[in-house]
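**Student:** Structure provided below as structure tokens; questions to follow.
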Amino acid sequence: MTNDQELPSNWGRWGADDELGTLNLITEEARARGAAQARTGRTVSLARPIRPTPFVSGPFAPLARDSSPVQQIMQYAGDVPATVDMILVTNHHVSSTHIDALGHQVLDGKVYPGHPLAESVTPAGVRHGSTAAFAAGISTRGVLLDLAFDGPLPAAHPITPEDFEAAKARQGVRLESGDALVLRGGWAGVIDFEKPLPGVTLDAVRWMHQRGVSLYAGDLGDAYPPLEKAAPAPLHRVALPLLGMPLIDVAEVEELAAVCTELNRYAFLFVVAPPRIHGLTGVPVNPLAVF
């Protein structure tokens with residue numbers, strides 16, 4: 001990792017005990033700006049659908065199938081007025097649209113904004129930097145930057161500020177402090193780690209920091225394999241632990257891009273209401289874009 005002095009950071013900006021990070025940038029003005037985008041009530045989900053798999057498979061279960069982030073135990077007991085089940089959720093699964101809490105990533109033994117790991121994350125749960133920060137929900141103006149307007153980004157493409165600026169100019173949209181940035185790279189559903197994934201560069205993270213992005217969501221995140229040896233995984237190793245920027249991984253943005261193109265509108269009310277479960281490093285979410 002590059003020397004910390006060369007990296008953008010919000011440590012200390014909102015106090016030593018801050019757990020909101022860049023969500024502090026979502027002011028009443030930013031929320032009102034987002035609410036003003038909801039003109040027709042048309043809604044698009046940015047979550048990938050999940051089909052649970054049985055926790056214990058029987059002899060007739062398929063011998064091979066894609067893994068699911070949700071395993072299910074049915075507690076159906078025959079002729080009863082209701083059925084129930086239990087689920088086991090893998091929060092950071094590559095097939096689950098989820099939001100990363102600030103305690104998910106650790107830098108030099110510390111959790112944003114400098115709390116020792118041993119005091120922040122324990123076997124009994126996360127005490128600092130957990131999903132508790134999302135208890136009030138997230139509501140702001142969302143902006144889609146569609147980098148795949150003429151096809152998916154090439155394999156191993158480094159996503160740079162120039163890509164962002166070109167998309168802004170092409171779409172005629174602006175990005176303001178407190179906005180959520182939604183990115184489309186055209187790689188929806190790609191989980192083949194033998195194929196080099198495009199990814200956000202450190203300069204792109206700096207660009208987000210300078211413009212006051214409050215939250216990042218996209219069908220692409222960090223490149224795999226890493227593109228920058230000095231700063232691998234800049235979203236998860238810089239934006240999350242140093243800027244305190246929550247990340248929504250594995251967003252489903254194809255329908256969103258289609259609606260934005262249809263309406264010629266690339267800004268919308270962006271709403272995230274995670275389950276109110278505290279003490280976690282992340283949780284599945286169903287982000288909504290409202291037009």
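Residue numbers start at 1 in each chain; chains themselves are named A, B, ... in the order of the structure tokens; ligands are numbered from 1 in the order shown.
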Check range 146-266 of chain A with DSSP on the backbone and list each residue it calls helix (DSSP H, G or I), as number ranges by chain.
**Tutor:** A: 161-171, 202-211, 234-243, 254-263
**Student:** Hey, which of A:Gly244, A:Ala169, A:Gly109, A:Ala136 ends up closest to Gly12 in chain A? Count only C-alpha atoms.
**Tutor:**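 Comparing A:Gly244, A:Ala169, A:Gly109, A:Ala136 against Gly12 in chain A, the winner is A:Gly244.
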**Student:** With only C-alpha atoms as the basis for distance, which of A:Ser130, A:Gln210, A:Ser45, A:Asn264 is at the shortest distance from Ser9 in chain A?
**Tutor:**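 Checking each of A:Ser130, A:Gln210, A:Ser45, A:Asn264 against Ser9 in chain A, counting only C-alpha atoms, the winner is A:Gln210.
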**Student:** Would you list the contacts of Lys168 in chain A as a ChimeraX atom specification, taking every protein, DNA or RNA residue within 10 Å and counting only C-alpha atoms, but skipping same-chain residues closer than 4 positions in sequence?
**Tutor:** /A:143-147,162-164,172-175,266
**Student:** Given only C-alpha atoms as the basis, pick out the residue of A:Phe55, A:Phe291, A:Thr140, A:His209 nearest to Glu262 in chain A.
**Tutor:**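 For Glu262 in chain A, the nearest of the given residues is A:Phe291.
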**Student:** Pick the closest to Ala204 in chain A from A:Asp18, A:Glu255, A:Asp222, A:Glu28: which is it, counting only C-alpha atoms?
**Tutor:**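 Residue with the minimum atom-to-atom distance to Ala204 in chain A: A:Asp222.
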**Student:** Taking only range 12-157 of chain A into account, list the residues labelled strand (DSSP E) by DSSP (computed from the backbone), as a VMD selection string.
**Tutor:** chain A and resid 43 to 45 53 to 54 70 to 74 85 to 89 98 to 100 110 to 111 115 to 116 121 to 122 125 to 126 138 to 146
**Student:** Compare A:Trp207, A:Phe268, A:Tyr112, A:Trp187 by their minimum atom-to-atom distance to Ala251 in chain A, counting only C-alpha atoms, and give me the closest one.
**Tutor:**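 Checking each candidate against Ala251 in chain A, we get A:Trp187 as the closest.
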**Student:** With distances taken over only C-alpha atoms, which residue among A:Pro113, A:Glu165, A:Phe270, A:Val200 lies nearest Trp14 in chain A?
**Tutor:**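 Among A:Pro113, A:Glu165, A:Phe270, A:Val200, it is A:Pro113 that comes nearest to Trp14 in chain A.
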